[in-house]
$ cat model24.cif   # mmCIF, C-alpha atoms and all ligand atoms
data_start
loop_
_atom_site.label_atom_id
_atom_site.label_comp_id
_atom_site.auth_asym_id
_atom_site.auth_seq_id
_atom_site.Cartn_x
_atom_site.Cartn_y
_atom_site.Cartn_z
CA MET A 1 -17.02 6.67 20.92
CA GLU A 2 -18.05 8.57 17.80
CA VAL A 3 -19.89 6.47 15.22
CA ARG A 4 -19.45 7.11 11.52
CA VAL A 5 -20.31 5.37 8.26
CA LEU A 6 -17.33 3.74 6.61
CA PHE A 7 -16.89 5.38 3.22
CA TRP A 8 -17.61 3.35 0.09
CA ALA A 9 -14.08 3.00 -1.19
CA PHE A 10 -13.21 0.25 1.29
CA LYS A 11 -14.74 -3.14 1.61
CA ARG A 12 -15.50 -4.53 5.03
CA ALA A 13 -12.28 -5.05 6.91
CA PRO A 14 -11.65 -8.63 8.03
CA PRO A 15 -10.55 -9.32 11.62
CA THR A 16 -6.97 -8.55 10.67
CA GLY A 17 -8.04 -5.00 9.74
CA ALA A 18 -6.58 -5.31 6.23
CA LEU A 19 -8.21 -3.19 3.52
CA PHE A 20 -9.37 -4.46 0.15
CA HIS A 21 -9.26 -2.82 -3.24
CA GLY A 22 -12.30 -1.18 -4.75
CA PRO A 23 -15.92 -0.54 -3.92
CA CYS A 24 -18.24 -3.32 -2.80
CA ALA A 25 -21.88 -2.94 -3.76
CA GLU A 26 -23.30 -4.90 -0.82
CA ASP A 27 -21.43 -2.80 1.69
CA SER A 28 -22.13 0.63 0.19
CA PHE A 29 -23.01 3.04 3.00
CA ALA A 30 -24.04 0.09 5.11
CA ILE A 31 -21.44 -0.34 7.81
CA GLU A 32 -21.89 1.61 10.99
CA THR A 33 -18.85 1.21 13.13
CA PRO A 34 -16.43 3.44 14.98
CA VAL A 35 -14.03 4.69 12.29
CA PRO A 36 -10.79 6.28 13.33
CA LEU A 37 -8.42 7.26 10.56
CA ARG A 38 -6.20 4.62 9.07
CA ILE A 39 -2.80 6.27 8.79
CA ASN A 40 0.14 4.95 6.81
CA GLU A 41 2.70 7.55 7.89
CA ILE A 42 3.17 11.11 9.12
CA PHE A 43 6.45 12.83 8.32
CA HIS A 44 8.13 16.20 7.89
CA SER A 45 9.88 16.88 4.58
CA VAL A 46 9.95 19.38 1.73
CA GLN A 47 7.06 19.51 -0.68
CA GLY A 48 8.09 17.63 -3.82
CA GLU A 49 5.38 18.72 -6.26
CA SER A 50 2.98 21.52 -7.18
CA THR A 51 3.55 25.26 -6.86
CA TRP A 52 4.41 24.60 -3.20
CA MET A 53 7.49 22.62 -4.26
CA GLY A 54 10.44 23.09 -1.93
CA ALA A 55 8.42 24.37 1.02
CA PRO A 56 8.76 22.53 4.35
CA CYS A 57 5.60 20.49 4.86
CA VAL A 58 4.09 17.91 7.20
CA PHE A 59 2.66 14.99 5.24
CA VAL A 60 -0.20 12.83 6.45
CA ARG A 61 -0.44 9.72 4.29
CA LEU A 62 -3.73 7.86 4.64
CA THR A 63 -4.01 4.16 3.96
CA GLY A 64 -5.97 2.79 1.02
CA CYS A 65 -6.78 3.72 -2.57
CA PRO A 66 -9.51 2.42 -4.89
CA LEU A 67 -7.23 2.87 -7.94
CA ARG A 68 -4.21 0.92 -9.16
CA CYS A 69 -2.25 3.26 -11.42
CA GLY A 70 0.55 1.42 -13.21
CA TYR A 71 3.13 3.97 -12.01
CA CYS A 72 2.00 4.19 -8.38
CA ASP A 73 4.97 4.88 -6.11
CA THR A 74 3.08 4.42 -2.85
CA GLU A 75 1.88 0.86 -3.19
CA TYR A 76 2.91 0.35 0.45
CA ALA A 77 0.02 2.67 1.39
CA PHE A 78 -2.65 0.46 -0.19
CA ARG A 79 -2.95 -1.71 2.93
CA GLN A 80 -0.33 -0.85 5.53
CA GLY A 81 -1.39 1.47 8.31
CA ALA A 82 -2.51 1.88 11.88
CA MET A 83 -5.93 2.94 13.10
CA ARG A 84 -5.59 6.24 14.95
CA GLU A 85 -8.08 8.61 16.55
CA ARG A 86 -8.41 11.89 14.68
CA ALA A 87 -7.50 13.93 17.76
CA ASP A 88 -4.27 11.95 18.08
CA VAL A 89 -3.38 12.61 14.43
CA LEU A 90 -4.19 16.30 14.83
CA ARG A 91 -1.99 16.53 17.92
CA GLU A 92 0.97 14.97 16.12
CA VAL A 93 0.67 17.20 13.05
CA LEU A 94 0.37 20.36 15.15
CA SER A 95 3.44 19.35 17.16
CA TYR A 96 5.58 20.28 14.12
CA ASP A 97 6.61 23.91 13.82
CA CYS A 98 5.37 23.97 10.22
CA ASP A 99 2.50 25.94 8.68
CA LEU A 100 2.02 23.72 5.63
CA VAL A 101 0.31 20.31 5.77
CA GLU A 102 -0.45 17.91 2.94
CA ILE A 103 -3.10 15.23 3.23
CA THR A 104 -2.18 12.50 0.79
CA GLY A 105 -2.37 8.76 0.28
CA GLY A 106 -3.30 6.40 -1.10
CA GLU A 107 -6.45 8.39 -1.73
CA PRO A 108 -7.01 10.72 1.23
CA LEU A 109 -10.66 11.50 0.50
CA ALA A 110 -11.67 7.83 0.63
CA GLN A 111 -11.83 8.08 4.43
CA ARG A 112 -14.66 10.36 5.53
CA GLU A 113 -12.86 11.30 8.74
CA ALA A 114 -10.26 13.03 6.57
CA PHE A 115 -12.79 15.79 5.80
CA ASP A 116 -13.01 16.62 9.51
CA LEU A 117 -9.24 16.45 9.93
CA ILE A 118 -8.82 18.93 7.07
CA ARG A 119 -11.28 21.35 8.70
CA GLU A 120 -9.58 21.07 12.08
CA LEU A 121 -6.14 21.73 10.60
CA LEU A 122 -7.48 24.81 8.82
CA ASP A 123 -9.14 26.01 12.03
CA ALA A 124 -5.72 25.64 13.70
CA GLY A 125 -4.25 28.05 11.15
CA ARG A 126 -2.46 25.56 8.91
CA THR A 127 -2.40 25.80 5.12
CA VAL A 128 -3.74 22.46 3.89
CA LEU A 129 -2.99 20.82 0.54
CA ILE A 130 -4.97 17.79 -0.58
CA GLU A 131 -3.39 15.53 -3.19
CA THR A 132 -6.28 13.56 -4.64
CA SER A 133 -6.67 11.08 -7.49
CA GLY A 134 -9.75 12.66 -9.05
CA ALA A 135 -11.78 9.49 -8.53
CA ILE A 136 -13.48 10.62 -5.31
CA GLY A 137 -15.86 13.58 -5.17
CA THR A 138 -14.33 16.71 -3.68
CA ALA A 139 -17.71 18.14 -2.63
CA GLY A 140 -17.60 18.57 1.11
CA VAL A 141 -13.92 19.47 1.26
CA ASP A 142 -13.48 22.66 3.27
CA PRO A 143 -13.18 25.45 0.66
CA ARG A 144 -10.14 26.90 2.45
CA ALA A 145 -8.08 23.83 1.50
CA HIS A 146 -5.98 23.77 -1.66
CA ILE A 147 -6.89 20.81 -3.84
CA ILE A 148 -4.23 19.37 -6.13
CA LEU A 149 -6.42 17.37 -8.47
CA ASP A 150 -4.96 14.55 -10.51
CA ILE A 151 -6.61 14.05 -13.87
CA LYS A 152 -5.70 10.48 -14.74
CA THR A 153 -4.39 10.03 -18.26
CA PRO A 154 -5.05 6.86 -20.30
CA GLY A 155 -1.50 5.69 -19.57
CA SER A 156 -2.30 5.44 -15.86
CA GLY A 157 -4.75 2.64 -16.62
CA GLU A 158 -7.33 4.37 -14.42
CA ALA A 159 -8.66 7.20 -16.62
CA ALA A 160 -12.15 5.70 -16.60
CA ARG A 161 -12.37 6.23 -12.82
CA MET A 162 -12.14 10.02 -13.13
CA ASP A 163 -15.02 11.93 -11.53
CA TRP A 164 -15.22 14.88 -13.91
CA SER A 165 -17.51 16.80 -11.58
CA ASN A 166 -14.33 17.49 -9.60
CA VAL A 167 -13.13 19.61 -12.51
CA ASP A 168 -16.34 21.67 -12.38
CA ARG A 169 -15.66 22.32 -8.67
CA LEU A 170 -12.10 23.65 -9.13
CA ARG A 171 -11.49 27.01 -7.45
CA ALA A 172 -8.92 29.68 -8.36
CA HIS A 173 -6.51 28.50 -5.65
CA ASP A 174 -6.61 24.82 -6.69
CA GLU A 175 -4.13 23.07 -8.98
CA VAL A 176 -4.44 20.31 -11.56
CA LYS A 177 -1.81 17.66 -12.24
CA PHE A 178 -1.42 15.31 -15.19
CA VAL A 179 1.13 12.50 -14.95
CA ILE A 180 2.20 12.04 -18.58
CA CYS A 181 3.30 8.54 -19.65
CA SER A 182 3.59 8.99 -23.45
CA ARG A 183 2.98 11.32 -26.37
CA SER A 184 -0.66 10.23 -26.51
CA ASP A 185 -1.02 11.02 -22.80
CA TYR A 186 0.44 14.45 -23.51
CA GLU A 187 -2.14 15.03 -26.25
CA PHE A 188 -4.93 13.92 -23.89
CA ALA A 189 -3.68 16.35 -21.23
CA ARG A 190 -3.32 19.17 -23.74
CA GLU A 191 -6.88 18.72 -24.98
CA ALA A 192 -8.34 18.41 -21.46
CA THR A 193 -6.50 21.58 -20.44
CA ARG A 194 -7.98 23.44 -23.41
CA THR A 195 -11.48 21.96 -23.23
CA HIS A 196 -11.91 22.70 -19.53
CA ARG A 197 -10.01 26.03 -19.65
CA LEU A 198 -7.89 24.82 -16.77
CA VAL A 199 -5.15 27.44 -17.10
CA GLU A 200 -7.72 30.23 -16.82
CA ARG A 201 -9.68 28.62 -14.00
CA CYS A 202 -7.08 27.50 -11.47
CA ARG A 203 -3.76 28.44 -9.91
CA CYS A 204 -1.60 26.14 -12.02
CA VAL A 205 -1.71 23.21 -14.43
CA LEU A 206 1.14 20.79 -13.85
CA PHE A 207 2.46 18.37 -16.48
CA SER A 208 4.64 15.77 -14.78
CA PRO A 209 6.66 13.20 -16.78
CA VAL A 210 6.07 9.76 -15.31
CA HIS A 211 8.99 8.41 -13.32
CA GLU A 212 10.15 4.86 -13.97
CA GLN A 213 8.38 2.51 -11.57
CA PRO A 214 9.18 -1.19 -11.17
CA ARG A 215 6.38 -3.74 -11.30
CA GLY A 216 4.85 -4.24 -7.87
CA VAL A 217 2.52 -6.74 -6.23
CA GLU A 218 -0.64 -4.89 -7.32
CA ILE A 219 0.62 -2.46 -9.95
CA GLY A 220 2.05 -3.17 -13.37
CA GLY A 221 5.01 -0.80 -13.29
CA MET A 222 5.92 1.83 -15.88
CA GLN A 223 8.78 3.02 -18.06
CA GLY A 224 9.76 6.61 -17.42
CA LEU A 225 9.05 9.42 -19.87
CA SER A 226 11.90 11.73 -20.87
CA PRO A 227 11.39 15.15 -19.22
CA ARG A 228 13.17 16.70 -22.20
CA ASP A 229 10.60 15.27 -24.59
CA LEU A 230 7.76 16.61 -22.45
CA ALA A 231 9.39 20.04 -22.19
CA ALA A 232 9.86 20.12 -25.97
CA TRP A 233 6.20 19.25 -26.62
CA VAL A 234 4.96 21.93 -24.20
CA LEU A 235 7.22 24.57 -25.76
CA ALA A 236 6.29 23.59 -29.32
CA ASP A 237 2.59 23.96 -28.53
CA GLY A 238 3.04 27.15 -26.51
CA LEU A 239 1.09 25.77 -23.54
CA ARG A 240 0.83 27.89 -20.40
CA VAL A 241 1.32 24.88 -18.15
CA ARG A 242 4.18 24.05 -15.80
CA VAL A 243 6.44 21.06 -16.43
CA GLN A 244 7.36 19.66 -13.04
CA MET A 245 9.77 17.05 -11.77
CA GLN A 246 9.24 15.33 -8.44
CA LEU A 247 11.76 17.16 -6.26
CA HIS A 248 11.90 14.50 -3.54
CA LYS A 249 13.03 11.92 -6.14
CA ILE A 250 15.90 14.20 -7.10
CA ILE A 251 16.98 14.97 -3.52
CA TRP A 252 16.63 11.39 -2.28
CA GLU A 253 16.66 7.96 -3.92
CA PRO A 254 13.37 7.57 -5.83
CA GLN A 255 12.13 4.65 -3.72
CA THR A 256 12.89 6.31 -0.36
CA ARG A 257 9.88 6.38 1.96
CA GLY A 258 8.99 9.11 4.45
CA VAL A 259 10.44 11.99 2.41
S1 LIG B 1 -4.38 7.27 -7.27
FE1 LIG B 1 -2.35 7.68 -6.41
S2 LIG B 1 -2.17 6.31 -4.66
FE2 LIG B 1 -3.87 5.56 -5.90
S3 LIG B 1 -2.96 4.01 -7.24
FE3 LIG B 1 -2.95 5.96 -8.35
S4 LIG B 1 -0.92 6.88 -7.95
FE4 LIG B 1 -1.27 5.26 -6.40
#
$ encode --input "model24.cif" --output "structure tokens" --more "lines below"
Ligand code: SF4
Amino acid sequence: MEVRVLFWAFKRAPPTGALFHGPCAEDSFAIETPVPLRINEIFHSVQGESTWMGAPCVFVRLTGCPLRCGYCDTEYAFRQGAMRERADVLREVLSYDCDLVEITGGEPLAQREAFDLIRELLDAGRTVLIETSGAIGTAGVDPRAHIILDIKTPGSGEAARMDWSNVDRLRAHDEVKFVICSRSDYEFAREATRTHRLVERCRCVLFSPVHEQPRGVEIGGMQGLSPRDLAAWVLADGLRVRVQMQLHKIIWEPQTRGV
């Protein structure tokens, strides 16, 4: 069986296979063990965010994330998931008559095998979107993939985890997303957009009003931000960004899984 190094974002799994939160210095790059992908769910739906919104898409949700954003709506993906061989995952995704695939999480780039899965999906002719938190380096991602890079605002509680070198690596076909929790988050996003010339450098800059999220087991929860307020701020400042709502939360109940 193929042997790989377990990526730093996960601590050593106990016999139960459960994953822990955050990096562990003693274990960094130290565990050599067969590492299939840990998959939370694979499903077919319509894309709910980004410029690909509304397009039919196969989603591959990987288990685990080193962050704990207060508004996280996929807390169930922090630990739940089954270990699956990459070839098995690839076979299932390609069984859908659908050209668009999103690799998401959790944090999809925290599992090194994901980089190979992305390449294999691209080789098979699929268009691949990667929804990533910004906390894990995107170097090594196949350049044919479309990265949708979160830049965490202060309101997320995880802004300090941002790896800003990911912004330097943005390509013209990538997108950037800010989840805006407040007026001060909006001002942070506005200044980051200007400072890093994001509108000029990538396909789209997305400003998304945070959706109300109840307190969870590991996340603090969040009050929603009025989309009208966000739209008014963007218009008043004349920003060339796109205000986006999460389409899947409009079509289905906001807490619905697998959509
Ligand atoms: S980065 Fe994404 S998956 Fe991870 S805690 Fe934040 S919102 Fe949830």
$ closest_residue --input "model24.cif" --among "A:Gln111, A:Arg126, A:Asp185, A:Arg242" --to "A:Val35" --atoms "all atoms listed in the file"
A:Gln111
$ closest_residue --input "model24.cif" --among "A:Glu218, A:Asp142, A:Asp163, A:Asp174" --to "ligand LIG 1 (chain B)" --atoms "only C-alpha atoms and all ligand atoms"
A:Glu218
$ residues_near_ligand --input "model24.cif" --ligand "ligand LIG 1 (chain B)" --cutoff "10 Å" --atoms "only C-alpha atoms and all ligand atoms" --output "ChimeraX atom specification"
/A:61-78,104-108,131-136,150-152,156-158,161,179,218-219
$ residues_around --input "model24.cif" --residues "A:Arg38" --least-positions-apart "2" --cutoff "7 Å" --atoms "only C-alpha atoms" --output "list in words"
Pro36, Asn40, Leu62, Thr63, Gly81, Ala82, Met83 and Arg84 of chain A
$ residues_around --input "model24.cif" --residues "stretch 91-103 of chain A" --least-positions-apart "5" --cutoff "8 Å" --atoms "all atoms listed in the file" --output "MDAnalysis selection string"
chainID A and resid 42 44 55:62 108 118 125:131
